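Source file: upload13.cif (mmCIF, N, CA and C atoms)
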```
data_data
#
loop_
_atom_site.label_atom_id
_atom_site.label_comp_id
_atom_site.auth_asym_id
_atom_site.auth_seq_id
_atom_site.Cartn_x
_atom_site.Cartn_y
_atom_site.Cartn_z
N MET A 1 86.39 97.12 74.48
CA MET A 1 86.49 96.43 75.74
C MET A 1 86.63 94.95 75.44
N LYS A 2 87.58 94.32 76.08
CA LYS A 2 87.85 92.91 75.85
C LYS A 2 86.83 92.03 76.56
N ALA A 3 86.65 90.83 76.05
CA ALA A 3 85.71 89.87 76.63
C ALA A 3 86.15 89.40 78.01
N SER A 4 87.39 89.68 78.39
CA SER A 4 87.90 89.26 79.70
C SER A 4 87.30 90.05 80.85
N LEU A 5 86.63 91.15 80.54
CA LEU A 5 86.00 91.96 81.59
C LEU A 5 84.55 91.53 81.73
N ASN A 6 84.24 90.86 82.82
CA ASN A 6 82.92 90.29 83.05
C ASN A 6 82.36 90.72 84.39
N GLU A 7 81.03 90.65 84.51
CA GLU A 7 80.40 90.87 85.81
C GLU A 7 80.98 89.87 86.80
N GLY A 8 81.25 90.34 87.99
CA GLY A 8 81.89 89.52 89.02
C GLY A 8 83.38 89.77 89.13
N PHE A 9 83.97 90.46 88.13
CA PHE A 9 85.39 90.83 88.17
C PHE A 9 85.64 91.60 89.47
N THR A 10 86.72 91.25 90.17
CA THR A 10 87.02 91.85 91.47
C THR A 10 88.39 92.52 91.45
N ALA A 11 88.45 93.69 92.05
CA ALA A 11 89.71 94.42 92.20
C ALA A 11 89.89 94.77 93.66
N GLU A 12 91.13 94.78 94.10
CA GLU A 12 91.45 95.15 95.47
C GLU A 12 92.79 95.86 95.49
N ALA A 13 92.88 96.92 96.26
CA ALA A 13 94.14 97.66 96.40
C ALA A 13 94.27 98.19 97.81
N THR A 14 95.50 98.18 98.30
CA THR A 14 95.81 98.72 99.62
C THR A 14 96.52 100.05 99.43
N HIS A 15 96.06 101.06 100.17
CA HIS A 15 96.63 102.41 100.08
C HIS A 15 96.97 102.90 101.48
N THR A 16 98.07 103.60 101.61
CA THR A 16 98.44 104.21 102.88
C THR A 16 97.90 105.63 102.92
N VAL A 17 97.20 105.96 103.98
CA VAL A 17 96.65 107.31 104.16
C VAL A 17 97.82 108.24 104.51
N THR A 18 97.92 109.33 103.76
CA THR A 18 98.98 110.31 104.00
C THR A 18 98.37 111.60 104.54
N GLU A 19 99.21 112.42 105.13
CA GLU A 19 98.73 113.67 105.73
C GLU A 19 98.04 114.56 104.69
N ASP A 20 98.53 114.55 103.44
CA ASP A 20 97.93 115.42 102.43
C ASP A 20 96.54 114.94 101.99
N MET A 21 96.10 113.79 102.46
CA MET A 21 94.75 113.30 102.18
C MET A 21 93.73 113.82 103.21
N SER A 22 94.20 114.60 104.17
CA SER A 22 93.34 115.10 105.24
C SER A 22 92.53 116.30 104.77
N PRO A 23 91.33 116.48 105.37
CA PRO A 23 90.54 117.67 105.03
C PRO A 23 91.21 118.92 105.61
N PRO A 24 91.32 119.99 104.83
CA PRO A 24 92.03 121.18 105.30
C PRO A 24 91.33 121.91 106.44
N HIS A 25 90.04 121.66 106.64
CA HIS A 25 89.29 122.38 107.67
C HIS A 25 89.32 121.67 109.03
N MET A 26 90.05 120.56 109.12
CA MET A 26 90.11 119.81 110.38
C MET A 26 91.54 119.72 110.88
N ASP A 27 91.69 119.66 112.20
CA ASP A 27 93.01 119.47 112.79
C ASP A 27 93.44 118.01 112.72
N ALA A 28 92.48 117.09 112.69
CA ALA A 28 92.79 115.67 112.67
C ALA A 28 93.34 115.26 111.30
N LEU A 29 94.37 114.43 111.32
CA LEU A 29 94.95 113.94 110.08
C LEU A 29 94.28 112.62 109.73
N VAL A 30 93.15 112.73 109.04
CA VAL A 30 92.33 111.57 108.67
C VAL A 30 92.00 111.64 107.17
N LEU A 31 91.60 110.51 106.63
CA LEU A 31 91.24 110.42 105.22
C LEU A 31 89.98 111.24 104.95
N SER A 32 90.09 112.19 104.02
CA SER A 32 88.94 113.01 103.63
C SER A 32 88.07 112.22 102.65
N THR A 33 86.83 112.63 102.54
CA THR A 33 85.92 111.98 101.59
C THR A 33 86.41 112.13 100.14
N PRO A 34 86.83 113.33 99.69
CA PRO A 34 87.33 113.43 98.32
C PRO A 34 88.54 112.52 98.06
N SER A 35 89.42 112.40 99.05
CA SER A 35 90.57 111.51 98.88
C SER A 35 90.14 110.06 98.81
N MET A 36 89.14 109.70 99.58
CA MET A 36 88.63 108.32 99.53
C MET A 36 88.00 108.03 98.16
N VAL A 37 87.26 109.00 97.63
CA VAL A 37 86.67 108.83 96.29
C VAL A 37 87.79 108.63 95.27
N HIS A 38 88.86 109.39 95.40
CA HIS A 38 90.00 109.25 94.49
C HIS A 38 90.59 107.83 94.58
N LEU A 39 90.72 107.29 95.78
CA LEU A 39 91.26 105.93 95.94
C LEU A 39 90.33 104.90 95.30
N ILE A 40 89.03 105.08 95.45
CA ILE A 40 88.07 104.16 94.85
C ILE A 40 88.17 104.22 93.33
N GLU A 41 88.16 105.43 92.77
CA GLU A 41 88.26 105.58 91.32
C GLU A 41 89.57 105.00 90.79
N THR A 42 90.66 105.28 91.47
CA THR A 42 91.97 104.78 91.04
C THR A 42 92.01 103.26 91.06
N THR A 43 91.45 102.66 92.09
CA THR A 43 91.43 101.20 92.19
C THR A 43 90.65 100.59 91.03
N CYS A 44 89.48 101.13 90.74
CA CYS A 44 88.65 100.61 89.65
C CYS A 44 89.34 100.80 88.30
N LEU A 45 89.85 101.99 88.03
CA LEU A 45 90.48 102.27 86.75
C LEU A 45 91.71 101.40 86.53
N THR A 46 92.59 101.35 87.51
CA THR A 46 93.82 100.58 87.38
C THR A 46 93.52 99.11 87.09
N ALA A 47 92.49 98.58 87.72
CA ALA A 47 92.15 97.17 87.54
C ALA A 47 91.61 96.86 86.15
N ILE A 48 90.89 97.79 85.54
CA ILE A 48 90.27 97.47 84.25
C ILE A 48 91.13 97.82 83.05
N ILE A 49 92.15 98.64 83.22
CA ILE A 49 92.98 99.06 82.08
C ILE A 49 93.46 97.87 81.23
N PRO A 50 93.93 96.77 81.83
CA PRO A 50 94.38 95.65 80.99
C PRO A 50 93.25 95.00 80.17
N HIS A 51 92.01 95.30 80.50
CA HIS A 51 90.86 94.70 79.83
C HIS A 51 90.24 95.64 78.79
N LEU A 52 90.89 96.77 78.55
CA LEU A 52 90.41 97.71 77.55
C LEU A 52 91.19 97.52 76.25
N ASP A 53 90.52 97.79 75.15
CA ASP A 53 91.17 97.71 73.84
C ASP A 53 92.04 98.93 73.62
N GLU A 54 92.96 98.82 72.68
CA GLU A 54 93.80 99.96 72.32
C GLU A 54 92.90 101.12 71.88
N GLY A 55 93.22 102.31 72.34
CA GLY A 55 92.42 103.49 72.00
C GLY A 55 91.24 103.70 72.91
N GLU A 56 91.12 102.89 73.96
CA GLU A 56 90.03 103.06 74.93
C GLU A 56 90.60 103.48 76.28
N THR A 57 89.79 104.21 77.02
CA THR A 57 90.07 104.51 78.41
C THR A 57 88.73 104.48 79.15
N SER A 58 88.77 104.79 80.42
CA SER A 58 87.54 104.80 81.21
C SER A 58 87.49 106.08 82.02
N VAL A 59 86.29 106.65 82.11
CA VAL A 59 86.08 107.88 82.90
C VAL A 59 85.00 107.62 83.94
N GLY A 60 85.17 108.22 85.09
CA GLY A 60 84.16 108.12 86.14
C GLY A 60 82.93 108.94 85.76
N THR A 61 81.74 108.38 86.03
CA THR A 61 80.50 109.08 85.69
C THR A 61 79.59 109.28 86.90
N HIS A 62 79.76 108.47 87.95
CA HIS A 62 78.87 108.59 89.11
C HIS A 62 79.52 107.92 90.31
N VAL A 63 79.38 108.55 91.48
CA VAL A 63 79.87 107.99 92.74
C VAL A 63 78.75 108.13 93.76
N ASN A 64 78.45 107.04 94.46
CA ASN A 64 77.45 107.05 95.52
C ASN A 64 78.01 106.22 96.67
N ILE A 65 78.67 106.88 97.60
CA ILE A 65 79.33 106.16 98.70
C ILE A 65 78.96 106.76 100.05
N SER A 66 79.17 105.96 101.07
CA SER A 66 79.06 106.44 102.44
C SER A 66 80.47 106.74 102.95
N HIS A 67 80.54 107.48 104.04
CA HIS A 67 81.81 107.66 104.77
C HIS A 67 81.46 107.48 106.23
N LYS A 68 81.64 106.26 106.72
CA LYS A 68 81.12 105.84 108.03
C LYS A 68 82.11 105.94 109.18
N GLY A 69 83.39 106.08 108.88
CA GLY A 69 84.36 106.09 109.97
C GLY A 69 85.71 106.60 109.48
N PRO A 70 86.64 106.81 110.41
CA PRO A 70 87.93 107.41 110.07
C PRO A 70 88.99 106.40 109.68
N ALA A 71 89.97 106.91 108.99
CA ALA A 71 91.24 106.24 108.78
C ALA A 71 92.30 107.31 108.97
N SER A 72 93.20 107.09 109.89
CA SER A 72 94.21 108.09 110.25
C SER A 72 95.41 108.02 109.33
N ALA A 73 96.10 109.16 109.23
CA ALA A 73 97.35 109.21 108.45
C ALA A 73 98.29 108.14 108.98
N GLY A 74 98.91 107.42 108.07
CA GLY A 74 99.82 106.34 108.43
C GLY A 74 99.16 104.97 108.39
N GLU A 75 97.83 104.94 108.46
CA GLU A 75 97.12 103.66 108.40
C GLU A 75 96.91 103.24 106.95
N GLU A 76 96.73 101.95 106.78
CA GLU A 76 96.40 101.43 105.45
C GLU A 76 94.91 101.20 105.34
N VAL A 77 94.36 101.51 104.17
CA VAL A 77 92.97 101.19 103.87
C VAL A 77 92.96 100.24 102.68
N VAL A 78 91.97 99.37 102.68
CA VAL A 78 91.82 98.40 101.59
C VAL A 78 90.54 98.73 100.83
N VAL A 79 90.70 99.01 99.55
CA VAL A 79 89.57 99.30 98.66
C VAL A 79 89.26 98.03 97.88
N LYS A 80 88.00 97.60 97.95
CA LYS A 80 87.55 96.44 97.17
C LYS A 80 86.44 96.90 96.24
N ALA A 81 86.51 96.41 95.01
CA ALA A 81 85.50 96.76 94.01
C ALA A 81 85.11 95.51 93.24
N VAL A 82 83.82 95.29 93.12
CA VAL A 82 83.30 94.16 92.35
C VAL A 82 82.48 94.74 91.20
N LEU A 83 82.79 94.32 89.99
CA LEU A 83 82.05 94.77 88.82
C LEU A 83 80.69 94.07 88.84
N SER A 84 79.68 94.81 89.27
CA SER A 84 78.36 94.21 89.49
C SER A 84 77.45 94.29 88.28
N LYS A 85 77.75 95.20 87.34
CA LYS A 85 76.88 95.33 86.17
C LYS A 85 77.65 95.92 84.99
N ILE A 86 77.43 95.34 83.82
CA ILE A 86 77.94 95.89 82.57
C ILE A 86 76.74 96.15 81.68
N ASP A 87 76.58 97.40 81.27
CA ASP A 87 75.51 97.79 80.35
C ASP A 87 76.16 98.48 79.17
N ARG A 88 76.42 97.71 78.13
CA ARG A 88 77.18 98.16 76.96
C ARG A 88 78.54 98.68 77.40
N ARG A 89 78.74 99.98 77.42
CA ARG A 89 80.04 100.55 77.78
C ARG A 89 80.02 101.18 79.18
N ARG A 90 78.96 100.94 79.94
CA ARG A 90 78.84 101.45 81.31
C ARG A 90 79.14 100.33 82.30
N LEU A 91 80.02 100.63 83.25
CA LEU A 91 80.44 99.66 84.25
C LEU A 91 80.01 100.16 85.62
N THR A 92 79.36 99.30 86.38
CA THR A 92 78.98 99.65 87.75
C THR A 92 79.72 98.74 88.72
N PHE A 93 80.42 99.36 89.65
CA PHE A 93 81.17 98.64 90.68
C PHE A 93 80.48 98.81 92.03
N THR A 94 80.41 97.73 92.80
CA THR A 94 80.02 97.79 94.20
C THR A 94 81.33 97.89 94.98
N THR A 95 81.44 98.90 95.84
CA THR A 95 82.72 99.18 96.50
C THR A 95 82.62 99.16 98.02
N THR A 96 83.75 98.81 98.64
CA THR A 96 83.91 98.93 100.09
C THR A 96 85.31 99.45 100.37
N VAL A 97 85.44 100.13 101.50
CA VAL A 97 86.75 100.56 101.98
C VAL A 97 86.82 100.16 103.45
N HIS A 98 87.91 99.47 103.81
CA HIS A 98 88.12 99.05 105.21
C HIS A 98 89.39 99.71 105.75
N SER A 99 89.31 100.17 106.99
CA SER A 99 90.48 100.66 107.72
C SER A 99 90.80 99.59 108.78
N PRO A 100 91.85 99.79 109.57
CA PRO A 100 92.12 98.83 110.64
C PRO A 100 90.96 98.68 111.63
N ARG A 101 90.05 99.68 111.68
CA ARG A 101 88.90 99.61 112.59
C ARG A 101 87.69 98.92 111.99
N GLY A 102 87.74 98.61 110.70
CA GLY A 102 86.61 97.96 110.04
C GLY A 102 86.12 98.75 108.83
N LEU A 103 84.88 98.50 108.44
CA LEU A 103 84.28 99.13 107.27
C LEU A 103 84.13 100.65 107.49
N ILE A 104 84.67 101.43 106.55
CA ILE A 104 84.50 102.89 106.64
C ILE A 104 83.73 103.45 105.45
N SER A 105 83.50 102.61 104.43
CA SER A 105 82.74 103.09 103.28
C SER A 105 82.15 101.92 102.52
N ASP A 106 80.95 102.15 101.97
CA ASP A 106 80.39 101.23 100.99
C ASP A 106 79.55 102.04 100.03
N GLY A 107 79.36 101.48 98.84
CA GLY A 107 78.57 102.20 97.85
C GLY A 107 78.78 101.66 96.46
N THR A 108 78.59 102.55 95.49
CA THR A 108 78.76 102.17 94.09
C THR A 108 79.57 103.25 93.36
N HIS A 109 80.21 102.81 92.30
CA HIS A 109 80.97 103.71 91.44
C HIS A 109 80.72 103.28 90.00
N GLU A 110 80.34 104.24 89.15
CA GLU A 110 80.07 103.93 87.75
C GLU A 110 81.14 104.57 86.88
N ARG A 111 81.51 103.83 85.83
CA ARG A 111 82.50 104.30 84.87
C ARG A 111 81.97 104.04 83.47
N ALA A 112 82.44 104.81 82.51
CA ALA A 112 82.12 104.60 81.11
C ALA A 112 83.42 104.31 80.37
N VAL A 113 83.36 103.35 79.46
CA VAL A 113 84.49 103.06 78.58
C VAL A 113 84.32 103.94 77.35
N VAL A 114 85.35 104.74 77.06
CA VAL A 114 85.26 105.71 75.96
C VAL A 114 86.46 105.58 75.04
N ASP A 115 86.28 106.04 73.82
CA ASP A 115 87.33 106.10 72.82
C ASP A 115 88.17 107.33 73.12
N THR A 116 89.49 107.15 73.23
CA THR A 116 90.36 108.27 73.57
C THR A 116 90.37 109.37 72.52
N SER A 117 89.97 109.06 71.29
CA SER A 117 89.94 110.09 70.25
C SER A 117 88.89 111.16 70.54
N ARG A 118 87.95 110.87 71.43
CA ARG A 118 86.94 111.87 71.81
C ARG A 118 87.57 113.07 72.51
N PHE A 119 88.79 112.90 73.02
CA PHE A 119 89.44 113.96 73.79
C PHE A 119 90.50 114.69 72.97
N SER A 120 90.61 114.39 71.70
CA SER A 120 91.63 115.03 70.85
C SER A 120 91.15 116.36 70.32
#
```

Go ahead and express the file in the form of structure tokens.
Amino acid sequence: MKASLNEGFTAEATHTVTEDMSPPHMDALVLSTPSMVHLIETTCLTAIIPHLDEGETSVGTHVNISHKGPASAGEEVVVKAVLSKIDRRRLTFTTTVHSPRGLISDGTHERAVVDTSRFS
């Protein structure tokens, strides 16, 4: 992990909610919790990749989020993540997700930086 990755590092990404992100058990075309978790993980991973050394990647290890409100298909959501803690190779992000109606999620997401050779 490069020295450029520090506590306070911030990532933000805008994603459009699509129909396939909807929960299959509901008639409403809204962002499902698993799809929201995917957006949070993707935002965090994409942001830190340039700060990893060759032969390193990052894997999700823990998610603790709320799901407070809807985001409908076609709407954009904004995922924000702040790297709040680095403990050796463990990264903890404080996360929020906003829809056009306001805050729909907050919580934390933890990732571990690992050597890709572990998966060979």

Contact check, segment 89-117 of chain A to segment 32-55 of chain A, at most 9 Å, counting only C-alpha atoms, closest pairs as CSV:
```
residue,atom,partner,partner_atom,distance
A:Phe93,CA,A:Cys44,CA,7.8
A:Thr95,CA,A:Ile40,CA,7.5
A:Thr96,CA,A:Ile40,CA,8.5
A:Val97,CA,A:Ile40,CA,8.1
A:Ser105,CA,A:Met36,CA,8.7
A:His109,CA,A:Glu41,CA,7.5
A:Arg111,CA,A:Leu45,CA,8.4
A:Val113,CA,A:Leu52,CA,8.0
A:Val114,CA,A:Gly55,CA,8.5
A:Asp115,CA,A:Gly55,CA,5.8
A:Thr116,CA,A:Gly55,CA,5.4
A:Ser117,CA,A:Gly55,CA,7.3
```

Using the chain letters and numbering of this document, enumerate as an MDAnalysis selection string the residues selected by the PyMOL selection byres ((chain A and resi 13) around 5).
chainID A and resid 11:12 14:15 78:79

| task | Taking the DSSP assignment computed from this structure's backbone, write out as a ChimeraX atom specification all residues of chain A that belong to helix (DSSP H, G or I). | result | /A:19-21,33-51,116-119

**Q.** Between atom CA of His67 of chain A and atom CA of Asp87 of chain A - distance in Å to one decimal
**A.**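 Computing the Euclidean distance for atom CA of Asp87 of chain A and atom CA of His67 of chain A yields 27.1 Å.
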
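Each of A:Thr108, A:Ser84, A:Thr18, A:Thr10 was checked against Asn64 of chain A using all atoms listed in the file; the smallest atom-to-atom distance is that of A:Thr108.
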
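Pairwise distance (atom CA of Val17 of chain A, atom CA of His98 of chain A) equals 11.9 Å.
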
If you count all atoms listed in the file, the residue of A:Leu103, A:Leu31, A:Ala3, A:Leu83 closest to Ala71 of chain A turns out to be A:Leu31

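With atom N of Val82 of chain A on one side and atom C of Gly8 of chain A on the other, the separation reads 6.8 Å.
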
Those of chain A in DSSP strand (DSSP E), formatted as JSON, numbers by chain: {"A": [10, 11, 12, 13, 14, 15, 16, 56, 57, 58, 59, 60, 61, 62, 63, 64, 65, 76, 77, 78, 79, 80, 81, 82, 83, 84, 85, 86, 87, 90, 91, 92, 93, 94, 95, 96, 97, 98, 99, 102, 103, 104, 105, 106, 107, 108, 109, 110, 111, 112, 113, 114, 115]}

Check the smallest atom-to-atom distance from each of A:Leu5, A:Ile104, A:Met21, A:Ala28 to Ile65 of chain A using only C-alpha atoms, then report the winner.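 Counting only C-alpha atoms, the residue closest to Ile65 of chain A is A:Ile104.
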
Shortest contact to Glu56 of chain A, candidates A:Pro70, A:Phe9, A:Ser4, A:Arg89, atoms counted only C-alpha atoms, goes to A:Arg89

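Closest to Ala73 of chain A among A:Ser99, A:His25, A:Val59, A:Thr16 is A:Thr16, based on only C-alpha atoms.
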